[in-house]
Every structure is written in structure tokens, then in C-alpha cells.
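Reading through the C-alpha cells given below for one structure.
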Amino acid sequence: STNTSHADSADVSVMVAFDHEEVGSTSANGAGSPVMQEALQRIASGLHGGTMISPDLYSACLRRSFILSIDQAHAIHPNYSSKHEAAHAPQLNAGVVIKTNSNQRYATNGITAFVIRELGRMAGIPIQEFVVRNDCPCGSTIGPTVSALTGIRTVDAGMPQLSMHSCREVMGIVDLYHGVELFKTFFSRFRELDNKLSKQIDP
């Protein structure tokens with residue numbers, strides 16, 4: 001159904017907020033810890049009557065899973081526009097940003113980026129793209145760490161903002177709405193989309 005609600009979903013939705021992201025995530029409760037893997041294993045066991053499911057079935061569940069690694073994205077700054085590629089210059093109030101890096105500083109790949117673009121189309125919200133310039137260093141997120149530890153498909157995305165990490169970070173209120181609508185659509189319609197990835201997508 002195109003109007004599937006979250007309550008009707010057969011999937012298990014999990015929201016995780018890790019500590020220590022800004023200092024590398026290597027801690028007992030950061031993204032580099034066993035917290036997420038152990039939580040997923042306990043959830044799987046709980047849904048299996050309290051007993052461990054077979055490794056093959058557990059691996060299959062992970063392969064059908066998807067992670068939205070959500071952090072903020074660097075919007076183009078009018079005083080430093082040369083720091084952005086012309087075709088990858090996110091603007092405030094212009095949509096959620098997909099972040100890609102060929103050195104895997106972000107976990108996005110062709111398939112996971114497509115999923116977000118399509119979810120954005122379903123939600124009726126704009127999607128922007130960001131790739132850091134080749135001659136500039138690129139920051140990172142917990143996306144690559146969590147994806148490598150779990151093997152789950154991951155996309156790095158977020159809302160555009162100016163002055164990241166400063167004492168006065170700035171973002172657009174419309175982008176907050178865009179983010180909420182994308183998250184709602186992800187939780188309610190991801191399975192519908194994922195089941196069609198090898199088939200024709202309805203217009």
C-alpha cells in the first residue's frame with residue numbers, strides 16, 4: 001500500500017544516538033563499540049522466543065536492513081563559495097543532502113543514495129548532493145564505522161547548515177521539515193521501496 005503506516009510495518013525500527021562522535025567514536029559506548037551489534041542480536045533473540053536464531057537467518061536479516069546515518073551537511077557559504085564544487089553546493093532550505101566520498105569517509109554508495117533520492121520523491125521533498133572538493137580534506141561520520149561493523153547498507157545524509165562546529169551554527173527551518181518528512185517516509189515506506197529495487201519503480 002502506498003499509505004502504509006509505521007504501525008503496519010513488519011520491520012523493526014531502531015533509533016540510535018551514540019556518544020563520543022566528535023572524538024572518534026572509539027569508546028565503550030561510541031559507534032565503534034559493540035553496542036549496536038549486541039542490541040541487534042538481542043532484538044533478534046527476543047523476537048525468536050528468547051533463543052538465538054541461526055547465523056544464516058541473522059545475516060539475511062542484516063542484509064535486508066538499512067541505516068540512515070544522519071549528521072549535518074556543509075551548506076555553501078557566500079563568503080567561501082570556492083570551497084564547494086559547483087554541482088555539489090547545498091543551499092539552506094533547499095532539501096536534505098546526500099553526502100558521498102570515494103575514500104569512504106561517508107558510507108554512501110550508488111544504491112543507498114538512490115534509496116534516499118526515491119524516498120525523497122515519495123515524500124515530495126527536494127534532495128541535494130554533496131561531494132567535497134578533491135583538494136580539500138573531508139570529515140567523516142559514524143556511517144562508515146557502523147556499516148563496517150554490521151555489514152548493513154548505509155547512507156550518509158543530513159540537513160545543510162552554515163558554520164558547523166561554531167558557537168552559532170545556522171540552518172533553515174524548512175530543512176527541519178524536510179528532514180522530518182524524510183524520516184517518516186523512511187520508516188513507513190522503506191520496505192515497499194526495497195522490495196522493488198530489482199523491479200520497475202512505479203511513477
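Chain labels A, B, ... are given in the sequence in which chains occur in the C-alpha cells; within each chain residues are numbered consecutively from 1, and ligands are likewise numbered from 1 in the order shown.
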
Show me, as JSON lines, the residues of stretch 46-128 of chain A having an atom within 12 Å of stretch 10-29 of chain A, each with the closest atom pair and its distance in Å, using only C-alpha atoms.
```
{"residue": "A:Gly46", "atom": "CA", "partner": "A:Val12", "partner_atom": "CA", "distance": 11.7}
{"residue": "A:Leu47", "atom": "CA", "partner": "A:Val12", "partner_atom": "CA", "distance": 9.9}
{"residue": "A:Cys61", "atom": "CA", "partner": "A:Asp11", "partner_atom": "CA", "distance": 10.0}
{"residue": "A:Leu62", "atom": "CA", "partner": "A:Val12", "partner_atom": "CA", "distance": 11.4}
{"residue": "A:Arg64", "atom": "CA", "partner": "A:Asp11", "partner_atom": "CA", "distance": 9.7}
{"residue": "A:Ser65", "atom": "CA", "partner": "A:Asp11", "partner_atom": "CA", "distance": 8.8}
{"residue": "A:Phe66", "atom": "CA", "partner": "A:Ser13", "partner_atom": "CA", "distance": 9.9}
{"residue": "A:Ile67", "atom": "CA", "partner": "A:Val14", "partner_atom": "CA", "distance": 9.4}
{"residue": "A:Leu68", "atom": "CA", "partner": "A:Met15", "partner_atom": "CA", "distance": 9.5}
{"residue": "A:Ser69", "atom": "CA", "partner": "A:Val16", "partner_atom": "CA", "distance": 9.7}
{"residue": "A:Ile70", "atom": "CA", "partner": "A:Ala17", "partner_atom": "CA", "distance": 10.1}
{"residue": "A:Asp71", "atom": "CA", "partner": "A:Glu21", "partner_atom": "CA", "distance": 10.3}
```

All strand (DSSP E) residues (DSSP, backbone) inside stretch 14-169 of chain A, as a PyMOL selection string: chain A and resi 66-70+73-74+96-100+127-131+153-158+160-162

Which of stretch 139-180 of chain A fall in alpha helix (DSSP H), as an MDAnalysis selection string: chainID A and resid 143:150 173:180

Could you save those same residues with N, CA, C and O atoms as a CSV table (one decimal), in the first residue's frame?
```csv
chain,number,residue,atom,x,y,z
A,143,GLY,N,28.8,6.8,10.0
A,143,GLY,CA,28.3,5.9,8.9
A,143,GLY,C,29.2,4.8,8.5
A,143,GLY,O,28.9,3.6,8.6
A,144,PRO,N,30.5,5.1,8.1
A,144,PRO,CA,31.4,4.1,7.7
A,144,PRO,C,31.7,3.1,8.9
A,144,PRO,O,31.9,1.9,8.6
A,145,THR,N,31.8,3.6,10.1
A,145,THR,CA,32.1,2.7,11.2
A,145,THR,C,31.0,1.7,11.5
A,145,THR,O,31.3,0.5,11.6
A,146,VAL,N,29.8,2.2,11.6
A,146,VAL,CA,28.7,1.3,11.8
A,146,VAL,C,28.4,0.3,10.7
A,146,VAL,O,28.1,-0.9,10.9
A,147,SER,N,28.6,0.8,9.5
A,147,SER,CA,28.4,0.0,8.3
A,147,SER,C,29.4,-1.2,8.2
A,147,SER,O,29.1,-2.3,8.0
A,148,ALA,N,30.7,-0.8,8.6
A,148,ALA,CA,31.7,-1.8,8.6
A,148,ALA,C,31.5,-2.9,9.7
A,148,ALA,O,31.8,-4.1,9.5
A,149,LEU,N,31.0,-2.4,10.8
A,149,LEU,CA,30.9,-3.3,12.0
A,149,LEU,C,29.7,-4.3,11.8
A,149,LEU,O,29.7,-5.4,12.3
A,150,THR,N,28.6,-3.8,11.1
A,150,THR,CA,27.4,-4.6,11.0
A,150,THR,C,27.2,-5.2,9.6
A,150,THR,O,26.4,-6.2,9.5
A,173,ILE,N,14.8,26.6,8.8
A,173,ILE,CA,13.7,25.9,9.4
A,173,ILE,C,13.0,24.9,8.4
A,173,ILE,O,12.4,23.9,8.8
A,174,VAL,N,13.0,25.3,7.1
A,174,VAL,CA,12.3,24.4,6.1
A,174,VAL,C,13.1,23.1,6.0
A,174,VAL,O,12.4,22.1,5.8
A,175,ASP,N,14.4,23.1,6.2
A,175,ASP,CA,15.1,21.9,6.2
A,175,ASP,C,14.8,20.9,7.3
A,175,ASP,O,14.9,19.7,7.2
A,176,LEU,N,14.4,21.5,8.5
A,176,LEU,CA,14.0,20.7,9.6
A,176,LEU,C,12.7,19.9,9.2
A,176,LEU,O,12.6,18.7,9.4
A,177,TYR,N,11.8,20.6,8.5
A,177,TYR,CA,10.6,20.0,8.0
A,177,TYR,C,11.0,18.9,7.0
A,177,TYR,O,10.4,17.8,7.0
A,178,HIS,N,11.9,19.2,6.1
A,178,HIS,CA,12.3,18.2,5.1
A,178,HIS,C,12.9,17.0,5.7
A,178,HIS,O,12.6,15.8,5.3
A,179,GLY,N,13.7,17.2,6.8
A,179,GLY,CA,14.2,16.0,7.5
A,179,GLY,C,13.2,15.1,8.1
A,179,GLY,O,13.2,13.9,8.0
A,180,VAL,N,12.2,15.8,8.8
A,180,VAL,CA,11.2,15.0,9.5
A,180,VAL,C,10.4,14.2,8.5
A,180,VAL,O,10.0,13.1,8.7
```

Residue contacts of A:Ala89 (12 Å, only C-alpha atoms) excluding same-chain residues fewer than 2 positions away, as a PyMOL selection string: chain A and resi 73-78+80-87+91-92+94-95+97-99+127-133+160-162

Same residues, N, CA and C atoms, output as an mmCIF file, in the first residue's frame:
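part24.cif, freshly written:
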```cif
data_model
loop_
_atom_site.group_PDB
_atom_site.id
_atom_site.type_symbol
_atom_site.label_atom_id
_atom_site.label_comp_id
_atom_site.auth_asym_id
_atom_site.auth_seq_id
_atom_site.Cartn_x
_atom_site.Cartn_y
_atom_site.Cartn_z
ATOM 1 N N ALA A 73 25.189 18.705 7.115
ATOM 2 C CA ALA A 73 25.982 18.821 5.894
ATOM 3 C C ALA A 73 26.399 20.276 5.708
ATOM 4 N N HIS A 74 27.549 20.478 5.085
ATOM 5 C CA HIS A 74 28.071 21.826 4.880
ATOM 6 C C HIS A 74 27.340 22.527 3.745
ATOM 7 N N ALA A 75 26.549 23.541 4.091
ATOM 8 C CA ALA A 75 25.909 24.360 3.061
ATOM 9 C C ALA A 75 26.936 25.328 2.479
ATOM 10 N N ILE A 76 26.693 25.750 1.251
ATOM 11 C CA ILE A 76 27.616 26.699 0.637
ATOM 12 C C ILE A 76 27.565 28.030 1.382
ATOM 13 N N HIS A 77 28.734 28.569 1.673
ATOM 14 C CA HIS A 77 28.833 29.843 2.390
ATOM 15 C C HIS A 77 29.116 30.941 1.367
ATOM 16 N N PRO A 78 28.350 32.020 1.384
ATOM 17 C CA PRO A 78 28.547 33.066 0.364
ATOM 18 C C PRO A 78 29.946 33.676 0.362
ATOM 19 N N TYR A 80 32.682 31.922 1.087
ATOM 20 C CA TYR A 80 33.664 30.872 0.776
ATOM 21 C C TYR A 80 33.106 29.899 -0.261
ATOM 22 N N SER A 81 32.442 30.418 -1.266
ATOM 23 C CA SER A 81 31.804 29.553 -2.263
ATOM 24 C C SER A 81 32.810 28.719 -3.045
ATOM 25 N N SER A 82 34.072 29.180 -3.103
ATOM 26 C CA SER A 82 35.092 28.433 -3.838
ATOM 27 C C SER A 82 35.441 27.111 -3.159
ATOM 28 N N LYS A 83 35.003 26.934 -1.910
ATOM 29 C CA LYS A 83 35.272 25.686 -1.188
ATOM 30 C C LYS A 83 34.356 24.548 -1.636
ATOM 31 N N HIS A 84 33.345 24.853 -2.432
ATOM 32 C CA HIS A 84 32.403 23.840 -2.911
ATOM 33 C C HIS A 84 32.565 23.621 -4.414
ATOM 34 N N GLU A 85 32.315 22.386 -4.835
ATOM 35 C CA GLU A 85 32.180 22.113 -6.258
ATOM 36 C C GLU A 85 30.884 22.764 -6.737
ATOM 37 N N ALA A 86 30.896 23.235 -7.971
ATOM 38 C CA ALA A 86 29.739 23.965 -8.483
ATOM 39 C C ALA A 86 28.459 23.139 -8.453
ATOM 40 N N ALA A 87 28.589 21.842 -8.729
ATOM 41 C CA ALA A 87 27.401 20.979 -8.784
ATOM 42 C C ALA A 87 27.099 20.306 -7.450
ATOM 43 N N GLN A 91 22.294 24.253 -0.467
ATOM 44 C CA GLN A 91 21.784 25.539 -0.013
ATOM 45 C C GLN A 91 20.814 25.328 1.141
ATOM 46 N N LEU A 92 20.703 26.343 1.999
ATOM 47 C CA LEU A 92 19.755 26.286 3.105
ATOM 48 C C LEU A 92 18.326 26.281 2.571
ATOM 49 N N ALA A 94 16.741 24.059 1.050
ATOM 50 C CA ALA A 94 16.614 23.503 -0.295
ATOM 51 C C ALA A 94 16.619 21.980 -0.314
ATOM 52 N N GLY A 95 16.523 21.333 0.848
ATOM 53 C CA GLY A 95 16.401 19.892 0.860
ATOM 54 C C GLY A 95 17.484 19.157 1.625
ATOM 55 N N VAL A 97 20.510 16.613 2.275
ATOM 56 C CA VAL A 97 21.745 16.448 1.500
ATOM 57 C C VAL A 97 22.261 15.017 1.605
ATOM 58 N N ILE A 98 22.536 14.389 0.462
ATOM 59 C CA ILE A 98 23.226 13.098 0.427
ATOM 60 C C ILE A 98 24.721 13.384 0.338
ATOM 61 N N LYS A 99 25.509 12.773 1.233
ATOM 62 C CA LYS A 99 26.948 13.024 1.285
ATOM 63 C C LYS A 99 27.706 11.794 0.777
ATOM 64 N N ILE A 127 15.997 16.818 -2.721
ATOM 65 C CA ILE A 127 17.219 16.161 -2.267
ATOM 66 C C ILE A 127 18.406 16.850 -2.934
ATOM 67 N N GLN A 128 19.433 17.146 -2.138
ATOM 68 C CA GLN A 128 20.646 17.767 -2.658
ATOM 69 C C GLN A 128 21.815 16.782 -2.542
ATOM 70 N N GLU A 129 22.900 17.084 -3.248
ATOM 71 C CA GLU A 129 24.078 16.219 -3.246
ATOM 72 C C GLU A 129 25.300 17.012 -2.792
ATOM 73 N N PHE A 130 26.175 16.333 -2.028
ATOM 74 C CA PHE A 130 27.419 16.961 -1.602
ATOM 75 C C PHE A 130 28.579 16.015 -1.780
ATOM 76 N N VAL A 131 29.608 16.465 -2.485
ATOM 77 C CA VAL A 131 30.886 15.764 -2.596
ATOM 78 C C VAL A 131 31.964 16.810 -2.335
ATOM 79 N N VAL A 132 32.855 16.551 -1.403
ATOM 80 C CA VAL A 132 33.886 17.526 -1.070
ATOM 81 C C VAL A 132 34.866 17.649 -2.233
ATOM 82 N N ARG A 133 35.429 18.826 -2.387
ATOM 83 C CA ARG A 133 36.418 19.038 -3.444
ATOM 84 C C ARG A 133 37.610 18.101 -3.266
ATOM 85 N N PRO A 160 21.419 20.720 5.525
ATOM 86 C CA PRO A 160 22.512 21.679 5.312
ATOM 87 C C PRO A 160 22.552 22.745 6.403
ATOM 88 N N GLN A 161 23.756 23.173 6.744
ATOM 89 C CA GLN A 161 23.911 24.234 7.724
ATOM 90 C C GLN A 161 25.180 25.022 7.452
ATOM 91 N N LEU A 162 25.228 26.208 7.992
ATOM 92 C CA LEU A 162 26.422 27.049 7.925
ATOM 93 C C LEU A 162 27.140 27.034 9.266
#
```
